[in-house]
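> Provided herewith: upload18.tsv, TSV, C-alpha atoms.
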```
chain	number	residue	atom	x	y	z
A	1	MET	CA	-38.08	-30.99	-19.56
A	2	ALA	CA	-37.44	-27.63	-21.18
A	3	GLY	CA	-39.12	-25.91	-18.24
A	4	ILE	CA	-36.83	-27.69	-15.77
A	5	LEU	CA	-33.75	-26.68	-17.76
A	6	ASP	CA	-34.94	-23.09	-17.95
A	7	SER	CA	-35.50	-22.98	-14.19
A	8	HIS	CA	-32.01	-24.37	-13.55
A	9	MET	CA	-30.48	-21.81	-15.93
A	10	ASP	CA	-32.34	-19.00	-14.16
A	11	THR	CA	-31.05	-20.27	-10.82
A	12	ILE	CA	-27.46	-20.41	-12.09
A	13	GLN	CA	-27.68	-16.94	-13.61
A	14	SER	CA	-29.23	-15.41	-10.50
A	15	GLY	CA	-26.66	-17.16	-8.30
A	16	GLY	CA	-23.83	-15.92	-10.50
A	17	PHE	CA	-25.20	-12.39	-10.37
A	18	PHE	CA	-25.42	-12.40	-6.57
A	19	SER	CA	-21.94	-13.92	-6.35
A	20	VAL	CA	-20.48	-11.13	-8.49
A	21	LEU	CA	-22.46	-8.54	-6.53
A	22	SER	CA	-21.22	-9.85	-3.16
A	23	GLY	CA	-17.63	-9.99	-4.44
A	24	PHE	CA	-17.88	-6.42	-5.73
A	25	THR	CA	-19.37	-5.25	-2.41
A	26	ALA	CA	-16.60	-6.98	-0.45
A	27	ALA	CA	-13.98	-5.33	-2.66
A	28	ILE	CA	-15.54	-1.90	-2.06
A	29	PHE	CA	-15.52	-2.45	1.71
A	30	ASN	CA	-11.89	-3.62	1.58
A	31	VAL	CA	-10.88	-0.46	-0.28
A	32	ILE	CA	-12.77	1.71	2.24
A	33	ILE	CA	-11.10	-0.07	5.18
A	34	PHE	CA	-7.70	0.27	3.51
A	35	PHE	CA	-7.97	4.03	3.09
A	36	LEU	CA	-9.50	4.53	6.56
A	37	VAL	CA	-6.66	2.61	8.23
A	38	PHE	CA	-4.10	4.44	6.12
A	39	PHE	CA	-5.65	7.82	7.01
A	40	ILE	CA	-5.77	6.97	10.73
A	41	PHE	CA	-2.11	5.97	10.77
A	42	LEU	CA	-1.10	9.12	8.90
A	43	LEU	CA	-3.13	11.35	11.20
A	44	PHE	CA	-2.60	9.75	14.60
A	45	GLY	CA	0.37	7.41	14.03
A	46	GLU	CA	2.96	9.67	15.67
A	47	GLN	CA	0.76	10.33	18.69
A	48	ILE	CA	-0.03	6.62	19.13
A	49	TRP	CA	3.67	5.75	18.94
A	50	GLN	CA	4.64	8.41	21.49
A	51	ASN	CA	1.98	7.13	23.88
A	52	LEU	CA	3.36	3.62	23.51
A	53	LEU	CA	6.93	4.83	24.13
A	54	SER	CA	5.89	6.63	27.30
A	55	GLY	CA	4.96	3.32	28.92
A	56	ILE	CA	8.18	1.50	28.01
A	57	PRO	CA	10.87	1.06	30.72
A	58	ASP	CA	14.11	2.98	30.23
A	59	SER	CA	16.08	-0.25	29.95
A	60	LEU	CA	14.16	-1.16	26.77
A	61	LYS	CA	14.10	2.26	25.10
A	62	SER	CA	17.34	1.75	23.19
A	63	PHE	CA	16.03	-1.54	21.83
A	64	VAL	CA	12.69	0.03	20.86
A	65	SER	CA	14.44	3.01	19.26
A	66	HIS	CA	16.49	0.67	17.12
A	67	ILE	CA	13.34	-1.20	16.08
A	68	GLU	CA	11.75	2.15	15.23
A	69	GLU	CA	14.71	3.05	13.02
A	70	ILE	CA	14.55	-0.31	11.24
A	71	SER	CA	10.80	0.06	10.73
A	72	SER	CA	11.20	3.55	9.28
A	73	ASN	CA	13.91	2.37	6.88
A	74	THR	CA	11.80	-0.62	5.90
A	75	LEU	CA	8.74	1.50	5.13
A	76	TYR	CA	10.90	3.90	3.14
A	77	SER	CA	12.46	1.02	1.24
A	78	ILE	CA	9.15	-0.68	0.47
A	79	TYR	CA	6.87	2.20	-0.38
A	80	ILE	CA	8.84	5.34	-1.28
A	81	VAL	CA	11.74	3.72	-3.12
A	82	HIS	CA	9.74	0.81	-4.53
A	83	ILE	CA	6.96	2.96	-5.99
A	84	SER	CA	9.41	5.63	-7.20
A	85	THR	CA	11.37	2.93	-9.03
A	86	SER	CA	8.15	1.79	-10.69
A	87	VAL	CA	7.41	5.35	-11.86
A	88	ILE	CA	10.94	5.68	-13.27
A	89	THR	CA	10.48	2.36	-15.08
A	90	PHE	CA	7.26	3.67	-16.63
A	91	LEU	CA	8.97	6.84	-17.86
A	92	LEU	CA	11.91	4.90	-19.32
A	93	ALA	CA	9.60	2.39	-20.98
A	94	ILE	CA	7.60	4.95	-22.97
A	95	PRO	CA	10.40	5.94	-25.42
A	96	PHE	CA	11.60	2.33	-25.62
A	97	PHE	CA	8.22	0.94	-26.67
A	98	TYR	CA	7.81	3.85	-29.08
A	99	VAL	CA	11.07	2.84	-30.80
A	100	LEU	CA	10.13	-0.84	-30.60
A	101	GLY	CA	7.10	-0.11	-32.76
A	102	TYR	CA	4.64	-2.66	-31.42
A	103	GLY	CA	2.04	-0.01	-30.57
A	104	HIS	CA	0.03	0.26	-27.34
A	105	ILE	CA	2.91	2.24	-25.84
A	106	ILE	CA	1.14	3.32	-22.65
A	107	PHE	CA	-0.25	-0.17	-22.08
A	108	TRP	CA	3.14	-1.91	-22.27
A	109	SER	CA	4.81	0.85	-20.25
A	110	LEU	CA	2.18	0.46	-17.55
A	111	ILE	CA	2.60	-3.33	-17.55
A	112	VAL	CA	6.37	-3.18	-17.00
A	113	ALA	CA	5.86	-0.51	-14.31
A	114	LEU	CA	3.37	-2.73	-12.48
A	115	PHE	CA	5.71	-5.72	-12.76
A	116	GLN	CA	8.45	-3.56	-11.26
A	117	LEU	CA	6.35	-3.60	-8.07
A	118	ILE	CA	6.60	-7.40	-7.92
A	119	PRO	CA	9.80	-8.33	-6.05
A	120	ILE	CA	12.30	-10.72	-7.67
A	121	ILE	CA	10.30	-11.11	-10.92
A	122	GLY	CA	10.16	-7.47	-12.02
A	123	PRO	CA	9.75	-6.31	-15.64
A	124	THR	CA	12.37	-8.81	-16.81
A	125	LEU	CA	9.58	-11.37	-17.32
A	126	ILE	CA	7.83	-9.03	-19.76
A	127	MET	CA	11.06	-8.47	-21.68
A	128	ILE	CA	11.66	-12.22	-21.93
A	129	PHE	CA	8.12	-12.72	-23.22
A	130	LEU	CA	8.49	-9.95	-25.81
A	131	GLY	CA	11.90	-11.27	-26.86
A	132	ILE	CA	10.52	-14.76	-27.44
A	133	TYR	CA	7.58	-13.28	-29.35
A	134	ALA	CA	9.91	-11.18	-31.54
A	135	ILE	CA	12.11	-14.18	-32.38
A	136	ALA	CA	9.06	-16.33	-33.12
A	137	MET	CA	7.76	-13.64	-35.49
A	138	GLY	CA	11.15	-13.32	-37.16
A	139	ASP	CA	11.47	-9.71	-35.99
A	140	TYR	CA	15.17	-9.80	-35.14
A	141	ARG	CA	15.38	-6.00	-35.01
A	142	ALA	CA	12.89	-5.95	-32.11
A	143	ALA	CA	14.70	-8.84	-30.42
A	144	ALA	CA	17.99	-6.94	-30.66
A	145	LEU	CA	16.38	-3.78	-29.27
A	146	ILE	CA	14.98	-5.74	-26.33
A	147	ALA	CA	18.35	-7.33	-25.60
A	148	ILE	CA	20.46	-4.19	-26.06
A	149	ILE	CA	18.10	-1.45	-24.78
A	150	GLY	CA	14.97	-3.01	-23.29
A	151	TYR	CA	16.52	-5.08	-20.51
A	152	PRO	CA	19.54	-2.87	-19.65
A	153	VAL	CA	17.64	0.44	-19.65
A	154	VAL	CA	14.06	-0.39	-18.65
A	155	CYS	CA	14.82	-3.26	-16.25
A	156	ALA	CA	18.37	-2.85	-14.94
A	157	VAL	CA	18.85	0.92	-14.72
A	158	PRO	CA	16.00	1.57	-12.22
A	159	ASP	CA	17.20	-1.26	-9.94
A	160	LEU	CA	20.96	-0.86	-10.24
A	161	LEU	CA	21.22	2.94	-10.53
A	162	PHE	CA	18.18	4.80	-9.22
A	163	ARG	CA	17.27	2.47	-6.37
A	164	PRO	CA	20.69	2.70	-4.61
A	165	ILE	CA	20.69	6.49	-5.08
A	166	MET	CA	17.23	6.83	-3.52
A	167	MET	CA	18.08	4.43	-0.73
A	168	GLY	CA	21.16	6.39	0.30
A	169	LYS	CA	22.36	5.14	3.66
A	170	ARG	CA	19.06	3.50	4.54
A	171	THR	CA	19.12	-0.24	4.97
A	172	SER	CA	17.18	-2.18	2.37
A	173	ILE	CA	15.44	-5.48	2.96
A	174	HIS	CA	15.75	-8.67	1.00
A	175	PRO	CA	13.36	-8.97	-1.98
A	176	ALA	CA	12.13	-12.32	-0.67
A	177	ILE	CA	10.89	-10.60	2.50
A	178	MET	CA	9.04	-8.05	0.38
A	179	TRP	CA	7.54	-10.85	-1.71
A	180	VAL	CA	6.26	-12.77	1.30
A	181	GLY	CA	5.11	-9.57	3.00
A	182	PHE	CA	3.16	-8.22	0.02
A	183	PHE	CA	1.45	-11.39	-1.13
A	184	GLY	CA	1.16	-13.02	2.30
A	185	GLY	CA	-0.39	-9.84	3.66
A	186	LEU	CA	-2.82	-9.60	0.74
A	187	TRP	CA	-3.80	-13.24	1.16
A	188	ILE	CA	-4.34	-13.05	4.92
A	189	MET	CA	-5.64	-9.51	5.45
A	190	GLY	CA	-6.87	-8.43	2.02
A	191	ILE	CA	-5.84	-5.08	0.55
A	192	VAL	CA	-4.91	-3.78	4.02
A	193	GLY	CA	-2.21	-6.46	4.08
A	194	PHE	CA	-0.42	-4.66	1.24
A	195	VAL	CA	0.62	-2.05	3.80
A	196	ILE	CA	0.68	-4.06	7.03
A	197	GLY	CA	2.11	-7.36	5.72
A	198	PRO	CA	5.63	-6.22	4.76
A	199	LEU	CA	5.89	-4.04	7.86
A	200	VAL	CA	4.90	-6.86	10.24
A	201	LEU	CA	7.31	-9.27	8.55
A	202	ALA	CA	10.14	-6.72	8.63
A	203	LEU	CA	9.47	-6.07	12.32
A	204	LEU	CA	9.63	-9.80	13.06
A	205	VAL	CA	12.94	-10.07	11.21
A	206	ALA	CA	14.31	-7.00	12.98
A	207	CYS	CA	13.19	-8.22	16.40
A	208	GLY	CA	14.77	-11.60	15.70
A	209	ARG	CA	18.08	-9.97	14.78
A	210	GLU	CA	17.99	-7.76	17.87
A	211	LEU	CA	17.18	-10.73	20.10
A	212	ILE	CA	20.11	-12.68	18.66
A	213	GLY	CA	22.37	-9.66	19.25
A	214	ILE	CA	21.19	-9.33	22.84
A	215	MET	CA	21.80	-13.01	23.49
A	216	LYS	CA	25.31	-12.81	22.00
A	217	ARG	CA	26.21	-9.77	24.12
A	218	ALA	CA	24.78	-11.45	27.19
A	219	LYS	CA	26.89	-14.52	26.55
A	220	GLU	CA	30.04	-12.43	26.00
A	221	ASN	CA	29.43	-10.55	29.26
A	222	GLY	CA	28.85	-13.76	31.18
A	223	TRP	CA	25.20	-13.06	31.88
A	224	LEU	CA	24.26	-16.42	30.47
A	225	GLU	CA	26.14	-19.37	31.85
A	226	LYS	CA	26.25	-22.67	30.06
A	227	VAL	CA	24.26	-25.22	31.99
A	228	GLN	CA	26.08	-28.49	32.37
A	229	VAL	CA	23.99	-31.59	32.86
```
Once more with this new file: its structure as structure tokens, please.

Amino acid sequence: MAGILDSHMDTIQSGGFFSVLSGFTAAIFNVIIFFLVFFIFLLFGEQIWQNLLSGIPDSLKSFVSHIEEISSNTLYSIYIVHISTSVITFLLAIPFFYVLGYGHIIFWSLIVALFQLIPIIGPTLIMIFLGIYAIAMGDYRAAALIAIIGYPVVCAVPDLLFRPIMMGKRTSIHPAIMWVGFFGGLWIMGIVGFVIGPLVLALLVACGRELIGIMKRAKENGWLEKVQV
């Protein structure tokens, strides 16, 4: 009986080891594919786009140019502004957590910076958790600091002050679209979806808006006649 149990345990352990090994190998390949795709788009993206534009009829070039502008603004909004806001959050969080006095300053600053990358939720969730913890521990000084400084400075200032300044006149996209794009892309395409997912979703939204605009203008100009049955 003991021998049977030992053989089963060996099988489970070996199976678990190979499962971890295959998962680790898949993760390595995903990272390699991610950086290769990213490098290819950085190196040849402009040339590929110009080749595609050369084959588009003149009647569609204005539409495609507008889609290109929306795509550029979307990428800027998602990656440049979004990541820059996360870095600013990290820098603002370091002195706050030093004053808060809970230790592990870099850890907590990094956590709120990473949560800043998550649309809609943001670092507010971390501040709520720390506020509840401070009240439960009877540390009302820390709770007051979180309410007066933590949320307004670490959470609100990057979103309400720095993000609009960095965006300038560029059009932002709704946080829900970013949410679906990031996590839907990661779920469907793996780590590559972190880059491609939001862009594809933003392009679909932009194309839908443009199509609606074209249909409205066509109706106003009488190109589309209402069919009476």
> Using all atoms listed in the file, determine which residues lie at most 8 Å from Ser71 of chain A, disregarding the query and same-chain residues fewer than 2 positions distant; provide the list as a list in words.
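Near neighbours after the sequence-gap exclusion: Ile67, Glu68, Glu69, Asn73, Thr74, Leu75, Leu199, Ala202 and Leu203 of chain A.
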> Write out as a VMD selection string each polymer residue whose atoms come within 7 Å of Ile94 of chain A, counting all atoms listed in the file; drop sequence neighbours fewer than 3 positions from it.
chain A and resid 90 to 91 97 to 98 105 to 106 109
> Compare A:Gly150, A:Gly213, A:Gly185, A:Gly45 by their minimum atom-to-atom distance to Val200 of chain A, counting only C-alpha atoms, and give me the closest one.
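Among the listed residues, A:Gly185 lies closest to Val200 of chain A.
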> Report, in Å with one decimal, the straight-line distance from atom CA of Ser86 of chain A to atom CA of Leu114 of chain A.
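Calculated distance between atom CA of Ser86 of chain A and atom CA of Leu114 of chain A is 6.8 Å.
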> Pick out the closest residue to Tyr76 of chain A from this set: A:Leu145, A:Ala113, A:Met137, A:Met166. Count all atoms listed in the file.
A:Met166
> Expressed in Å to a single decimal, how great is the separation between atom CA of Leu125 of chain A and atom CA of Ser77 of chain A?
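Separation of atom CA of Leu125 of chain A and atom CA of Ser77 of chain A: 22.5 Å.
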> When you draw a straight line from atom CA of Ala143 of chain A to atom CA of Trp179 of chain A, how long is it in Å?
29.7 Å
> Pick out the closest residue to Arg209 of chain A from this set: A:Phe63, A:Ala144, A:Ser72, A:Trp187. Count only C-alpha atoms.
A:Phe63
> Counting all atoms listed in the file, what is within 8 Å of Met127 of chain A, bar same-chain residues fewer than 3 positions away, as a PDB file with C-alpha atoms, in the coordinates of the input?

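After the write, around_8.pdb holds the following:
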```
ATOM      1  CA  PRO A 123       9.750  -6.310 -15.640  1.00  0.00           C
ATOM      2  CA  THR A 124      12.370  -8.810 -16.810  1.00  0.00           C
ATOM      3  CA  LEU A 130       8.490  -9.950 -25.810  1.00  0.00           C
ATOM      4  CA  GLY A 131      11.900 -11.270 -26.860  1.00  0.00           C
ATOM      5  CA  ILE A 146      14.980  -5.740 -26.330  1.00  0.00           C
ATOM      6  CA  GLY A 150      14.970  -3.010 -23.290  1.00  0.00           C
ATOM      7  CA  TYR A 151      16.520  -5.080 -20.510  1.00  0.00           C
TER       8      TYR A 151
END
```
> With a distance cut-off of 7 Å and all atoms listed in the file, select the neighbouring residues of Asn30 of chain A, excluding the residue or stretch itself and same-chain residues fewer than 3 positions from it, and output the selection as a PDB file with C-alpha atoms, keeping the file's coordinate frame.

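This went into part.pdb:
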```pdb
ATOM      1  CA  ALA A  26     -16.600  -6.980  -0.450  1.00  0.00           C
ATOM      2  CA  ALA A  27     -13.980  -5.330  -2.660  1.00  0.00           C
ATOM      3  CA  ILE A  33     -11.100  -0.070   5.180  1.00  0.00           C
ATOM      4  CA  PHE A  34      -7.700   0.270   3.510  1.00  0.00           C
ATOM      5  CA  GLY A 190      -6.870  -8.430   2.020  1.00  0.00           C
ATOM      6  CA  ILE A 191      -5.840  -5.080   0.550  1.00  0.00           C
TER       7      ILE A 191
END
```
> Choose the residue, out of A:Ile212, A:Ile83, A:Val180, A:Val157, that has the smallest atom-to-atom separation from Pro198 of chain A; count all atoms listed in the file.
A:Val180
> Taking all atoms listed in the file into account, name the residue in A:Phe29, A:Ser65, A:Phe38, A:Ser22 that is nearest to Cys207 of chain A.
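When distances to Cys207 of chain A are compared using all atoms listed in the file, the smallest one comes from A:Ser65.
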> Using only C-alpha atoms for the distances, tell me which of A:Ile188, A:Leu43, A:Leu36, A:Ala147 is nearest to Ile128 of chain A.
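Ranked by minimum distance to Ile128 of chain A, first place goes to A:Ala147.
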